[in-house]
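Heads up, the thing below is written out as structure tokens.
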Amino acid sequence: MFNLQEQLLKLQEDEIEIHSDFEFNKVDATIAKRTLNSLTDKLVVNGQNINEPDTFDLLQCFARDLPTIEPKMIARALDMLVTGFDNEIKALANLLTTPGQDPTVHSESLDRYAFLFQWIIERGESVVSQSRAATAAAVSDKGKVRKRRGVSSTAGSSSGATVSDVVPGWKGKLADLYALLQQLLRMPLGRVWNSAPERDTFIGVFTRIAHKIMENAAYAKDVEFQTILFDSLCLWLQNYNGLYGLVTMITQNLQHYEHLCESMAGLVQMAYDKYEGTQLADEVLRDISGKSFNSIHDKAGPKNAARFLVKISQLAPRALLRQMGLLIRHLDSEAHIMRSAMVDVIGHLTLYLASQEEQTDIVKNQINEYFDIIEQRFMDTHFLVRAKVLQVCQFVCSGQAKFPKRRPKLISLIIGRLEDKATNVRKHAIRALTMLLETHPFSLDGAELGVEQLEASLAKINKELAQMANATPSETSESTSKAKKIADSDDENEDDEEGDDDDDDDDAEIESSTTTAVNNGEEQATSTGSEQFANAGLSPEMAAKAMHLQFQQRYYRDALYFVYQLQEAQPLLMQLLGSTNKGEVMEAIDFFVAAVRFRVDGAQEGIRRMSHLIWLPPTGNSSSTTSADGSASEEARGVRAKLIESYMQLYMTPSDRLSAIENTSRITRNLISLTFGATLAELTSLEELIRTLMEERLIKEDVVNKLRSVYGYTKRQLPPAQRRGAIIILSMLAQARRSIVTDDIDLYLRIGLGDHGHEDLVVAKHTCMILQCLGAAKSRRPGAVAAAAGMDEQEIRRLPMNNPIFEGLQRIVEEPRRDPEWFPAAEQALNTIYALADKPDALAARLVRNQAKLVQELLNSNMGRNLAVSGGDESDSMD
């Protein structure tokens, strides 16, 4: 009689008795294959043939000699055992459905299969892991590996090999084995074994095999295989009281294996959702809540527990909510990893609670408590916890629920973290502020946040409310005062925002958009509000309108407060544009791009400051990497590349709603607007940016032609800023492509050196600057790049002195002006003369003589005038 418990103990102590002298590693391969074929024929025909002594002894010999057997033979043997096990389960299923049969006759054969599975699978997994470790050591010491016959040597040929890599179909057969085990666990196994301990010993074999398999990180990556394994364990939990065994397995895995943290969370979630395993989740979470973690002496423990809690909060938040009263103590843990994890958990639970259809008072209070905890953790002593709080704010506020009552306090706390001493915290603070801006709930006016527009809308609503209050009949003066009090009650509610727990405000807090929130809040408060306004002397229709206006009034006040908060943060963000940390700079760039997109006042100043970043050296490695929070890191691309991308996104990305001509006009207007009010430093940086864009062929030829068209427009009066902006951008583009000047030089002579330049010296100055590109001695970008830019490497031939360009330049210098712009215009005219003229000294000498002659004439004129005046005075005195 085969006793599974005794044989397992002997296997553990390596005292197995095999009544056969056959050794697979010493016989010829043909004999070994013939022996395996005979065993296969027996088990395929009848699974109970495993009870034959000779058959079972040969199978034990195979398991003993496994490390030296070829992988293909191992695959055949495992397939043979799984097939025999399948036949045995089918026979048992037929027997259990047939009355009057004794199912216990199958217990011994099932035990023998279980024994062989444990021996072969555990031995195979152990041999490969040992060979992998030995191979790594041998390679480091000797640089080469000595090859041997068998699965161990095959596994040793690669330091990253697993059994499934060595033995063909190994993982598939394990999946088939546990699929068969699921069928078996759904049967009444109490009728197969005479006692519960014998049955539990049989099931325990497969749970130990599962534990051994899960130790290998390669299996954890296969979701389908893992699901089959977990289904088997959940059936053990559900049908055969495997609670405490499974709890022990999970806690041990969390303690020793980092790669199993998230897998164990998936197991708990499967048991909770599919197999009503609430007790399993409770026991595991209670065990974690009772532990004390010290980050100094125990690093793996808190890290694994933290990953498990975060994952279970995403997969099974309901299960976690049941034990939050115990787990909340980890917010005061010494290990910052646990505090960080609890903040993450609270964020996911907040999202889960906000997504519930039924928003009871208990749910609302719980959400408010969680937000209070998040706000408290802004002041945590460890910078990683503060950074995690900011990450939680990002994904909590980016969901469908907007939480309008909690946002102002969160934004104030986030702005405070912009001055945190840790760069990681500052980076996440900027990212959180950008996320709150991009997901803001104020979408009634196209989501734009211009202060002037919002203030005008608020003033209009206040005026309507005041008119309604004054329209109350004069004989009901007391009612009139009540109506005015109701119309102004929103001011008091705003001051007492944190203590206001009215149902309509709470319901509006978790709506997906402010428009919906206004409508829903209006519907819920209509009856009460209408009664209040009716008591104030207003008709039901006027009362409903007044309620609607009050909601709009609150909306615009909140929107204005939000904009004022953003404006408060902008000076700090402009300072961070000059940070030495790339991550902070890139996040600040993203914020200002988003702020411009939403028309936030003052954001354009940040865009102007950004242009100075073009002088940073480009990063050589442009490949993307993965950051610690799992998102693709942009730091490797460089700040310069980020800046170019941002300007392209804001000013040069075509709109799908416009035609090609309209997009060209739009891009041209955007480029010209960049020059409005720009300082000299900003224009210098903008020039380098525009030149870079032109070199990379990011500005199309249609835009260049449109700029020429604006510059040369003469049909109607053109605003001076438009023509100035066009020639400034053209001069910047000409730094990268000389053909912009040579293709239409007559245009610059007619406009910039003609009457328009005479009237506007700024246009004349920049026309001189663009003409200087004709005299570039050599390209700064040799070879193919210079050819692409339209510049010649060879020295440019200078222009003769009779060229009409010099007449226009001479006119700029010689015509007397009191305009302060004459000095820079004359300076650029002289620079152009020396850059292009064949004999610049001759022209300069003529200009000097003409100016000297003009000065002499003025002196003579003044002297004659003075003499005439003095002569008249003498004659008067003589008289």
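Chains: A, B, ... in order of the structure tokens. Residues: from 1 per chain. Ligands: from 1, in order shown.
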
Practice item. Would you return as a VMD selection string the members of segment 73-266 of chain A that DSSP assigns to helix (DSSP H, G or I) on this structure's backbone? Key: chain A and resid 73 to 96 103 to 142 151 to 156 163 to 166 170 to 185 189 to 191 196 to 214 217 to 220 223 to 239 243 to 256 258 to 266

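For the pair atom CA of Val585 of chain A and atom CA of Val425 of chain A, the interatomic distance is 13.2 Å.
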
Exercise for review: Run DSSP on the backbone and give me the residues of segment 563-789 of chain A it puts in strand (DSSP E), as a count of residues only.
Suggested key: 4

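Separating atom CA of Leu449 of chain A from atom CA of Lys409 of chain A is a distance of 19.0 Å.
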
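The closest residue to Gln5 of chain A, picked from A:Asp420, A:Glu70, A:Asp200, A:Asp601 and counting only C-alpha atoms, is A:Asp200.
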
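Nearest to Leu180 of chain A of all the residues A:Val710, A:Ala93, A:Leu465, A:Ile120 is A:Ala93, based on only C-alpha atoms.
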
**Study point:** Surrounding residues of segment 339-348 of chain A excluding itself and chain neighbours under 5 positions, 9 Å, only C-alpha atoms, as a PyMOL selection string
**Key:** chain A and resi 303+305-307+309-314+317+320+327-328+330-334+353+370-371+373-374+377+384-389+391-393+395-396

Residues within 9 Å of Ala316 of chain A, only C-alpha atoms, excluding chain neighbours under 5 positions, as a JSON list (two decimals) with N, CA and C atoms, in the first residue's frame:
```json
[["chain", "number", "residue", "atom", "x", "y", "z"],
["A", 265, "ALA", "N", -1.39, 40.04, -5.08],
["A", 265, "ALA", "CA", -2.56, 40.93, -5.08],
["A", 265, "ALA", "C", -3.59, 40.44, -6.10],
["A", 266, "GLY", "N", -3.12, 39.96, -7.26],
["A", 266, "GLY", "CA", -4.04, 39.38, -8.24],
["A", 266, "GLY", "C", -4.72, 38.14, -7.73],
["A", 268, "VAL", "N", -5.40, 37.44, -4.51],
["A", 268, "VAL", "CA", -6.41, 37.87, -3.53],
["A", 268, "VAL", "C", -7.62, 38.46, -4.24],
["A", 269, "GLN", "N", -7.38, 39.23, -5.29],
["A", 269, "GLN", "CA", -8.50, 39.83, -6.03],
["A", 269, "GLN", "C", -9.35, 38.76, -6.70],
["A", 270, "MET", "N", -8.72, 37.73, -7.27],
["A", 270, "MET", "CA", -9.48, 36.65, -7.91],
["A", 270, "MET", "C", -10.32, 35.90, -6.89],
["A", 272, "TYR", "N", -11.45, 37.07, -4.10],
["A", 272, "TYR", "CA", -12.48, 37.96, -3.58],
["A", 272, "TYR", "C", -13.64, 38.11, -4.57],
["A", 273, "ASP", "N", -13.32, 38.26, -5.85],
["A", 273, "ASP", "CA", -14.35, 38.54, -6.84],
["A", 273, "ASP", "C", -15.05, 37.29, -7.38],
["A", 311, "LYS", "N", -1.23, 47.62, -5.22],
["A", 311, "LYS", "CA", -1.86, 46.83, -6.28],
["A", 311, "LYS", "C", -3.25, 46.36, -5.88],
["A", 321, "LEU", "N", -11.09, 48.41, 1.67],
["A", 321, "LEU", "CA", -11.86, 49.32, 2.50],
["A", 321, "LEU", "C", -12.29, 48.68, 3.81]]
```

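Every protein, DNA or RNA residue with an atom at most 8 Å from segment 591-593 of chain A, where only C-alpha atoms count and chain neighbours fewer than 4 positions away do not, is listed here: Ile430, Arg431, Leu433, Thr434, Glu587, Arg597, Ala603, Gln604, Gly606, Ile607, Ser646 and Leu650 of chain A.
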